[in-house]
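S.K.: Contents of start-v7.csv (CSV, C-alpha atoms) are below:
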```csv
chain,number,residue,atom,x,y,z
H,1,MET,CA,12.2,-7.3,-18.7
H,2,SER,CA,13.7,-3.9,-18.5
H,3,ALA,CA,17.5,-3.3,-18.8
H,4,PRO,CA,19.6,-3.4,-15.6
H,5,ASP,CA,20.2,-0.1,-13.8
H,6,SER,CA,23.6,0.9,-14.9
H,7,THR,CA,23.8,3.7,-12.3
H,8,SER,CA,23.7,1.2,-9.4
H,9,PRO,CA,26.9,-0.2,-7.8
H,10,PHE,CA,25.3,-3.6,-8.7
H,11,PRO,CA,24.2,-3.1,-12.3
H,12,ASP,CA,23.4,-6.8,-13.0
H,13,ARG,CA,21.0,-7.0,-10.0
H,14,PRO,CA,17.3,-6.2,-10.7
H,15,ARG,CA,15.5,-3.9,-8.4
H,16,THR,CA,13.7,-5.8,-5.7
H,17,ALA,CA,10.2,-4.9,-4.4
H,18,LEU,CA,8.3,-6.5,-1.5
H,19,VAL,CA,4.5,-6.2,-1.9
H,20,THR,CA,2.1,-7.2,0.9
H,21,GLY,CA,-1.5,-8.3,0.2
H,22,ALA,CA,-0.2,-9.5,-3.2
H,23,SER,CA,-2.5,-12.4,-3.8
H,24,SER,CA,-5.4,-10.3,-5.3
H,25,GLY,CA,-6.7,-6.8,-5.9
H,26,ILE,CA,-4.4,-3.8,-5.7
H,27,GLY,CA,-1.5,-5.8,-4.3
H,28,GLU,CA,-1.6,-8.2,-7.2
H,29,GLU,CA,-1.7,-5.3,-9.6
H,30,PHE,CA,1.3,-3.7,-7.9
H,31,ALA,CA,3.2,-7.0,-8.3
H,32,ARG,CA,2.3,-7.3,-12.0
H,33,ARG,CA,3.2,-3.7,-12.8
H,34,LEU,CA,6.5,-4.0,-11.0
H,35,ALA,CA,7.3,-7.3,-12.8
H,36,GLN,CA,6.6,-5.5,-16.1
H,37,ARG,CA,9.2,-2.9,-15.1
H,38,GLY,CA,11.8,-5.6,-14.4
H,39,HIS,CA,11.7,-5.8,-10.6
H,40,ALA,CA,12.4,-9.0,-8.7
H,41,LEU,CA,9.6,-9.5,-6.3
H,42,VAL,CA,8.9,-10.7,-2.7
H,43,LEU,CA,5.2,-11.4,-2.5
H,44,VAL,CA,3.5,-11.5,0.9
H,45,ALA,CA,0.0,-12.7,1.7
H,46,ARG,CA,-1.8,-15.2,4.0
H,47,ARG,CA,-3.5,-17.2,1.3
H,48,ALA,CA,-0.8,-19.6,0.2
H,49,GLN,CA,-2.5,-21.1,-2.9
H,50,LEU,CA,-3.5,-17.8,-4.4
H,51,LEU,CA,-0.1,-16.3,-3.7
H,52,GLU,CA,1.6,-19.3,-5.4
H,53,GLU,CA,-0.7,-18.9,-8.4
H,54,VAL,CA,0.2,-15.2,-8.8
H,55,ALA,CA,3.9,-16.0,-8.4
H,56,PHE,CA,3.8,-18.7,-11.1
H,57,ASP,CA,2.0,-16.4,-13.5
H,58,LEU,CA,4.5,-13.6,-13.0
H,59,ARG,CA,7.4,-15.9,-13.5
H,60,GLU,CA,5.9,-17.4,-16.7
H,61,SER,CA,4.8,-14.1,-18.1
H,62,TYR,CA,7.8,-11.9,-17.4
H,63,GLY,CA,10.6,-14.1,-16.3
H,64,THR,CA,10.5,-12.4,-12.9
H,65,PRO,CA,12.4,-13.8,-9.9
H,66,VAL,CA,9.7,-14.2,-7.3
H,67,GLU,CA,10.1,-15.1,-3.6
H,68,VAL,CA,6.9,-16.2,-1.9
H,69,LEU,CA,6.4,-15.4,1.8
H,70,VAL,CA,3.2,-16.7,3.3
H,71,ALA,CA,2.4,-14.6,6.4
H,72,ASP,CA,-0.6,-13.2,8.2
H,73,LEU,CA,0.5,-9.7,9.1
H,74,GLY,CA,-2.2,-9.5,11.7
H,75,THR,CA,-0.3,-12.0,13.9
H,76,PRO,CA,3.0,-11.5,15.7
H,77,GLU,CA,4.6,-14.5,14.0
H,78,GLY,CA,3.6,-13.4,10.5
H,79,LEU,CA,4.7,-9.8,11.1
H,80,ALA,CA,8.1,-11.0,12.5
H,81,SER,CA,8.8,-13.1,9.5
H,82,VAL,CA,8.3,-10.2,7.1
H,83,THR,CA,10.2,-7.6,9.2
H,84,GLU,CA,13.1,-10.0,9.3
H,85,ARG,CA,13.1,-10.2,5.5
H,86,LEU,CA,12.9,-6.4,5.2
H,87,ALA,CA,15.8,-5.9,7.6
H,88,MET,CA,18.2,-7.9,5.3
H,89,ASP,CA,20.9,-5.8,3.9
H,90,GLY,CA,22.1,-8.1,1.2
H,91,THR,CA,25.0,-9.7,3.1
H,92,GLY,CA,23.1,-12.9,3.9
H,93,GLY,CA,22.4,-14.0,0.3
H,94,LEU,CA,19.0,-12.5,-0.2
H,95,GLU,CA,18.7,-9.2,-2.0
H,96,PRO,CA,17.8,-6.1,0.1
H,97,ILE,CA,14.4,-4.5,-0.6
H,98,ASP,CA,14.5,-1.4,-2.8
H,99,LEU,CA,10.7,-0.7,-2.6
H,100,LEU,CA,8.3,-1.8,0.1
H,101,VAL,CA,4.6,-1.6,-0.9
H,102,ASN,CA,2.4,-1.7,2.2
H,103,ASN,CA,-0.9,-2.8,0.6
H,104,ALA,CA,-2.4,-5.5,2.9
H,105,GLY,CA,-5.4,-4.4,4.8
H,106,ARG,CA,-9.0,-5.2,5.9
H,107,GLY,CA,-12.0,-3.0,5.8
H,108,ASP,CA,-14.5,-4.2,8.4
H,109,GLY,CA,-17.3,-1.8,8.7
H,110,GLY,CA,-20.1,-1.3,11.2
H,111,VAL,CA,-21.4,0.9,13.9
H,112,PHE,CA,-18.5,1.3,16.4
H,113,ALA,CA,-20.6,0.5,19.5
H,114,GLU,CA,-21.7,-2.7,17.9
H,115,GLN,CA,-18.3,-3.9,16.6
H,116,GLU,CA,-16.6,-6.7,18.4
H,117,PRO,CA,-13.5,-5.6,20.2
H,118,ASP,CA,-11.4,-8.4,18.7
H,119,GLU,CA,-12.4,-7.4,15.2
H,120,ILE,CA,-11.4,-3.8,16.0
H,121,ASP,CA,-8.0,-4.9,17.3
H,122,ALA,CA,-7.5,-7.1,14.3
H,123,MET,CA,-8.2,-4.3,11.8
H,124,LEU,CA,-5.9,-1.9,13.6
H,125,ASP,CA,-3.2,-4.6,13.9
H,126,LEU,CA,-3.2,-5.0,10.1
H,127,ASN,CA,-4.1,-1.6,8.8
H,128,VAL,CA,-1.9,0.5,11.2
H,129,ARG,CA,0.6,-1.5,13.4
H,130,ALA,CA,1.8,-3.7,10.6
H,131,VAL,CA,2.4,-0.7,8.3
H,132,LEU,CA,4.4,1.0,10.9
H,133,GLN,CA,6.5,-2.0,11.9
H,134,LEU,CA,7.3,-3.0,8.3
H,135,THR,CA,8.3,0.5,7.3
H,136,ARG,CA,10.4,0.8,10.5
H,137,ALA,CA,12.2,-2.5,9.5
H,138,VAL,CA,13.1,-1.4,6.0
H,139,LEU,CA,14.0,2.4,6.3
H,140,PRO,CA,17.2,2.0,8.4
H,141,VAL,CA,18.6,-0.4,5.8
H,142,GLN,CA,17.6,1.9,2.9
H,143,ILE,CA,19.1,4.9,4.6
H,144,ALA,CA,22.3,3.1,5.3
H,145,ARG,CA,22.5,1.9,1.7
H,146,ARG,CA,22.1,5.4,0.4
H,147,ALA,CA,24.8,6.7,2.7
H,148,ALA,CA,27.1,3.9,1.4
H,149,GLY,CA,26.6,5.2,-2.2
H,150,GLU,CA,23.6,3.2,-3.5
H,151,THR,CA,22.1,5.2,-6.4
H,152,ARG,CA,18.9,3.2,-6.9
H,153,ARG,CA,15.6,4.8,-5.9
H,154,LEU,CA,14.7,3.4,-2.5
H,155,GLY,CA,11.6,3.8,-0.4
H,156,VAL,CA,8.1,2.9,0.5
H,157,VAL,CA,4.6,3.1,-0.9
H,158,ASN,CA,1.8,3.0,1.7
H,159,VAL,CA,-1.8,2.4,0.6
H,160,ALA,CA,-4.2,4.4,2.7
H,161,SER,CA,-7.8,5.4,1.6
H,162,MET,CA,-10.0,8.4,0.8
H,163,ALA,CA,-12.2,7.0,3.6
H,164,GLY,CA,-9.7,8.7,5.9
H,165,GLU,CA,-10.4,12.1,4.5
H,166,ILE,CA,-14.1,12.1,5.4
H,167,PRO,CA,-14.5,14.1,8.6
H,168,ALA,CA,-17.6,12.1,9.8
H,169,ASN,CA,-17.8,8.6,8.5
H,170,PRO,CA,-20.7,6.6,10.0
H,171,GLY,CA,-20.2,2.9,9.7
H,172,GLY,CA,-16.5,3.3,8.9
H,173,SER,CA,-15.1,5.1,11.9
H,174,VAL,CA,-12.3,2.7,12.9
H,175,TYR,CA,-11.3,2.0,9.3
H,176,GLY,CA,-11.3,5.6,8.3
H,177,ALA,CA,-9.4,6.8,11.3
H,178,GLY,CA,-6.8,4.1,10.8
H,179,LYS,CA,-6.3,5.1,7.2
H,180,LYS,CA,-6.1,8.8,8.2
H,181,PHE,CA,-3.4,7.9,10.7
H,182,VAL,CA,-1.4,6.1,7.9
H,183,THR,CA,-1.8,9.2,5.6
H,184,MET,CA,-0.6,11.7,8.2
H,185,TRP,CA,2.2,9.5,9.5
H,186,SER,CA,3.4,8.7,6.0
H,187,GLU,CA,3.6,12.4,5.0
H,188,SER,CA,5.6,13.1,8.2
H,189,VAL,CA,8.0,10.2,7.6
H,190,ALA,CA,8.4,11.3,4.0
H,191,ALA,CA,9.6,14.7,5.2
H,192,GLU,CA,12.0,13.0,7.6
H,193,VAL,CA,13.7,10.7,5.1
H,194,ARG,CA,13.7,12.8,2.0
H,195,LYS,CA,17.0,14.5,2.6
H,196,LYS,CA,18.5,11.1,3.3
H,197,GLY,CA,17.6,10.1,-0.3
H,198,VAL,CA,14.7,7.8,0.5
H,199,HIS,CA,11.2,8.4,-0.7
H,200,VAL,CA,7.9,7.6,1.0
H,201,THR,CA,4.6,8.0,-0.8
H,202,VAL,CA,1.1,7.4,0.5
H,203,VAL,CA,-1.7,6.7,-2.0
H,204,LEU,CA,-5.3,7.4,-1.2
H,205,PRO,CA,-7.6,5.3,-3.5
H,206,GLY,CA,-11.4,5.7,-3.6
H,207,PHE,CA,-13.6,2.8,-4.4
H,208,VAL,CA,-11.9,0.0,-6.4
H,209,ARG,CA,-13.2,-3.4,-7.4
H,210,THR,CA,-11.5,-5.8,-5.0
H,211,ASP,CA,-12.5,-8.6,-2.7
H,212,MET,CA,-12.6,-6.1,0.1
H,213,THR,CA,-15.1,-3.8,-1.7
H,214,ARG,CA,-17.5,-6.6,-3.0
H,215,GLU,CA,-20.1,-5.8,-0.3
H,216,VAL,CA,-20.0,-2.1,-1.3
H,217,GLN,CA,-20.6,-3.0,-4.9
H,218,ALA,CA,-23.5,-5.2,-4.0
H,219,GLN,CA,-25.2,-2.2,-2.3
H,220,GLY,CA,-25.6,-0.5,-5.7
H,221,MET,CA,-22.7,1.9,-5.6
H,222,PRO,CA,-22.7,3.8,-9.0
H,223,GLN,CA,-20.2,2.8,-11.7
H,224,PHE,CA,-18.5,6.2,-11.7
H,225,ALA,CA,-17.5,5.9,-8.1
H,226,PHE,CA,-15.0,3.1,-8.9
H,227,VAL,CA,-11.4,3.6,-10.1
H,228,HIS,CA,-9.7,0.8,-11.9
H,229,LYS,CA,-6.9,-0.8,-9.9
H,230,GLU,CA,-4.5,-0.4,-12.9
H,231,HIS,CA,-5.0,3.4,-12.7
H,232,ILE,CA,-4.4,3.4,-9.0
H,233,VAL,CA,-1.2,1.5,-9.2
H,234,ARG,CA,0.1,3.5,-12.2
H,235,GLU,CA,-0.5,6.8,-10.4
H,236,ALA,CA,1.0,5.5,-7.2
H,237,LEU,CA,4.3,4.4,-8.8
H,238,THR,CA,4.5,7.5,-10.9
H,239,ALA,CA,4.1,9.6,-7.8
H,240,TRP,CA,6.7,7.6,-5.9
H,241,SER,CA,9.2,7.8,-8.8
H,242,ALA,CA,8.7,11.6,-8.8
H,243,GLY,CA,9.3,11.8,-5.1
H,244,ARG,CA,5.8,13.0,-4.2
H,245,ALA,CA,4.6,12.4,-0.6
H,246,ALA,CA,0.9,11.7,-1.5
H,247,VAL,CA,-1.3,11.0,-4.4
H,248,ILE,CA,-5.1,10.7,-4.9
H,249,PRO,CA,-5.8,8.6,-8.0
H,250,GLY,CA,-8.6,9.7,-10.3
H,251,ALA,CA,-9.8,13.1,-11.1
H,252,ARG,CA,-13.2,12.7,-9.4
H,253,TYR,CA,-11.5,11.9,-6.1
H,254,LYS,CA,-9.1,14.7,-6.4
H,255,THR,CA,-12.1,17.0,-6.9
H,256,ALA,CA,-13.9,15.5,-4.0
H,257,ASP,CA,-10.9,15.9,-1.7
H,258,GLY,CA,-10.7,19.6,-2.7
H,259,ILE,CA,-14.4,20.1,-1.9
H,260,LEU,CA,-14.2,18.3,1.4
H,261,ARG,CA,-11.3,20.6,2.5
H,262,LEU,CA,-13.4,23.7,1.6
H,263,LEU,CA,-16.7,22.7,3.3
H,264,PRO,CA,-17.2,23.7,7.0
H,265,ARG,CA,-16.8,20.7,9.2
H,266,PRO,CA,-20.1,21.4,11.0
H,267,LEU,CA,-21.9,21.1,7.6
H,268,VAL,CA,-20.1,17.8,6.9
H,269,ARG,CA,-21.1,16.4,10.3
H,270,ALA,CA,-24.7,17.5,9.8
H,271,VAL,CA,-24.8,15.6,6.5
H,272,ALA,CA,-23.2,12.6,8.1
H,273,ARG,CA,-25.9,12.5,10.9
H,274,ARG,CA,-28.6,12.4,8.2
H,275,LEU,CA,-26.9,9.5,6.5
H,276,ALA,CA,-26.3,7.5,9.6
```
Go ahead and express the file in the form of structure tokens.

M.R.:
Amino acid sequence: MSAPDSTSPFPDRPRTALVTGASSGIGEEFARRLAQRGHALVLVARRAQLLEEVAFDLRESYGTPVEVLVADLGTPEGLASVTERLAMDGTGGLEPIDLLVNNAGRGDGGVFAEQEPDEIDAMLDLNVRAVLQLTRAVLPVQIARRAAGETRRLGVVNVASMAGEIPANPGGSVYGAGKKFVTMWSESVAAEVRKKGVHVTVVLPGFVRTDMTREVQAQGMPQFAFVHKEHIVREALTAWSAGRAAVIPGARYKTADGILRLLPRPLVRAVARRLA
């Protein structure tokens, strides 16, 4: 474990991070990377057994203090239990959260007119509403801690997607639009809280090998399209530590983003119609 932060008013207390969707994929990698850095962890996911296995491995491998919070963030009850934890300021016995990683999400695809309304609502509840409410729960506590003299780096990392940067996205309209919302909202919130000493960073991954992208992999997506989750998490935490509002992991996706911004939108829409 890394040495305690001697600049904090509480030098013997490890930094504490809460990671959602921590039972697999990018969320599990965030938890592992933060454990390596000496953070205490609060791990959130709906799959209890997988979450407990991750927590056990991190405790054994790094000596990391780990709280396990089983919750389905797509439900009011699950969301309430996590917002309650994020709103704790350290006076009730549990440590306040120094870093919130909003990673949990779902990527249901399909033609919009054929998607079930309940599935659309469920995806927006998890990908958008939960991210907003969890961030809203933790930011006031972090701002108050900074105002009271806390010197630790405090803030939020939100996981969006490059899917939100495609102007016309057949088969991914709801998912892409939700992720675009998270990106634009995160950048605005980052500007609001920066002068208060709190940092918000949004990370926009491309394709990555996770449970959520297994169907895409089966469709023969070329190897070069995928970025390793380790690389995504490393770039995300580096950007957050540097106070950057947004980061696109991987040179190929940075290039693609630049090209998309230069292309005329009518041309992009015309290409999308051919692919639909």

S.K.: Between H:Val128, H:Leu43, H:Val174, H:Met184, single out the one closest to Gly110 (chain H), counting all atoms listed in the file.

M.R.: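 Among the listed residues, H:Val174 lies closest to Gly110 (chain H).
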
S.K.: Ser23 (chain H): which residues within 6 Å, counting only C-alpha atoms, same-chain residues fewer than 2 positions away excluded, as a ChimeraX atom specification?

M.R.: /H:21,28,50-51

S.K.: At a cut-off of 8 Å, using all atoms listed in the file, what residues contact region 162-165 of chain H? Leave out same-chain residues fewer than 6 positions from it and give the result as an MDAnalysis selection string.

M.R.: chainID H and resid 172 175:181 183 204:206 248 253 257 260

S.K.: Could you check the closest approach to Thr135 (chain H) for each of H:Arg106, H:Lys195, H:Arg85, H:Arg46 and tell me which residue wins, using all atoms listed in the file?

M.R.: H:Arg85

S.K.: Record the distance separating CA of Arg152 (chain H) and CA of Leu86 (chain H), expressed in Å with one decimal.

M.R.: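 For CA of Arg152 (chain H) relative to CA of Leu86 (chain H), the distance reads 16.6 Å.
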
S.K.: If you measure from CA of Ala242 (chain H) to CA of Leu132 (chain H), what distance in Å do you get, rounded to one decimal?

M.R.: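 Atom-to-atom, CA of Ala242 (chain H) and CA of Leu132 (chain H) are spaced 22.8 Å apart.
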
S.K.: Give the answer as one residue: which of H:Val182, H:Val208, H:Glu116, H:Gly250 has the shortest atom-to-atom distance to Glu29 (chain H), using all atoms listed in the file?

M.R.: H:Val208

S.K.: Do a neighbour search on Val66 (chain H) at 10 Å with only C-alpha atoms, toss out local chain neighbours closer than 5 positions, and write the hits as a ChimeraX atom specification.

M.R.: /H:16-18,31,35,39-43,52,54-56,58-59

S.K.: Between H:Arg15, H:Asp118, H:Leu139, H:Ala71, which residue has the minimum interatomic distance to Thr151 (chain H), considering only C-alpha atoms?

M.R.: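 Of H:Arg15, H:Asp118, H:Leu139, H:Ala71, the one nearest Thr151 (chain H), counting only C-alpha atoms, is H:Arg15.
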
S.K.: Would you please work out which residue, of H:Ala22, H:Ala191, H:Leu34, H:Ile232, is nearest to Ala160 (chain H) when using all atoms listed in the file?

M.R.: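 Among H:Ala22, H:Ala191, H:Leu34, H:Ile232, it is H:Ile232 that comes nearest to Ala160 (chain H).
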
S.K.: Can you work out which one of H:Ala87, H:Val101, H:Val19, H:Ile26 has the shortest atom-to-atom distance to His231 (chain H), counting only C-alpha atoms?

M.R.: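 The shortest atom-to-atom distance to His231 (chain H) comes from H:Ile26.
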
S.K.: Could you name the residues that touch Gln115 (chain H) at 12 Å or less, counting all atoms listed in the file, but leaving out those on the same chain fewer than 4 positions away, as an NGL selection string?

M.R.: :H and (108-111 or 119-123 or 171-175)

S.K.: Kindly save the residues from that selection, with C-alpha atoms included, as a compact mmCIF listing (two decimals), keeping the file's coordinate frame.

M.R.:
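Saved to again23.txt:
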```
# COMPACT_ATOMS: atom_id res chain seq x y z
CA ASP H 108 -14.50 -4.20 8.40
CA GLY H 109 -17.30 -1.80 8.70
CA GLY H 110 -20.10 -1.30 11.20
CA VAL H 111 -21.40 0.90 13.90
CA GLU H 119 -12.40 -7.40 15.20
CA ILE H 120 -11.40 -3.80 16.00
CA ASP H 121 -8.00 -4.90 17.30
CA ALA H 122 -7.50 -7.10 14.30
CA MET H 123 -8.20 -4.30 11.80
CA GLY H 171 -20.20 2.90 9.70
CA GLY H 172 -16.50 3.30 8.90
CA SER H 173 -15.10 5.10 11.90
CA VAL H 174 -12.30 2.70 12.90
CA TYR H 175 -11.30 2.00 9.30
```

S.K.: Between CA of Glu95 (chain H) and CA of Tyr62 (chain H), what distance in Å does the model show, to one decimal?

M.R.: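 We find that CA of Glu95 (chain H) and CA of Tyr62 (chain H) lie 19.1 Å from each other.
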
S.K.: Which residues are close to Val203 (chain H), i.e. within 10 Å by all atoms listed in the file, leaving aside same-chain residues fewer than 6 positions away? Reply as a list in words.

M.R.: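 What passes the distance filter is Asn103, Val157, Asn158, Val159, Ala160, Ser161, Met162, Val182, Thr183, Ser186, Ile232, Val233, Glu235, Ala236, Leu237, Ala239, Trp240, Ala245, Ala246, Val247, Ile248 and Pro249 of chain H.
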
S.K.: Hey, could you make a per-residue contact list for region 61-117 of chain H against region 140-146 of chain H with 9 Å as the cut-off, showing the nearest pair of atoms and its distance in Å to one decimal, counting all atoms listed in the file, sorted by chain and number, as a Markdown table?

M.R.:
```
| residue | atom | partner | partner_atom | distance |
| --- | --- | --- | --- | --- |
| H:Leu86 | CA | H:Val141 | CA | 8.3 |
| H:Ala87 | CA | H:Val141 | CA | 6.4 |
| H:Met88 | CA | H:Val141 | CA | 7.5 |
| H:Asp89 | CA | H:Val141 | CA | 6.2 |
| H:Pro96 | CA | H:Val141 | CA | 8.1 |
| H:Ile97 | CA | H:Gln142 | CA | 8.0 |
| H:Asp98 | CA | H:Gln142 | CA | 7.3 |
```

S.K.: Counting all atoms listed in the file, which residues sit no farther than 12 Å from the position (3.1, -11.4, 15.5) in the file's frame? I'd like them as a PyMOL selection string.

M.R.: chain H and resi 71-84+122+125-126+129-130+133-134
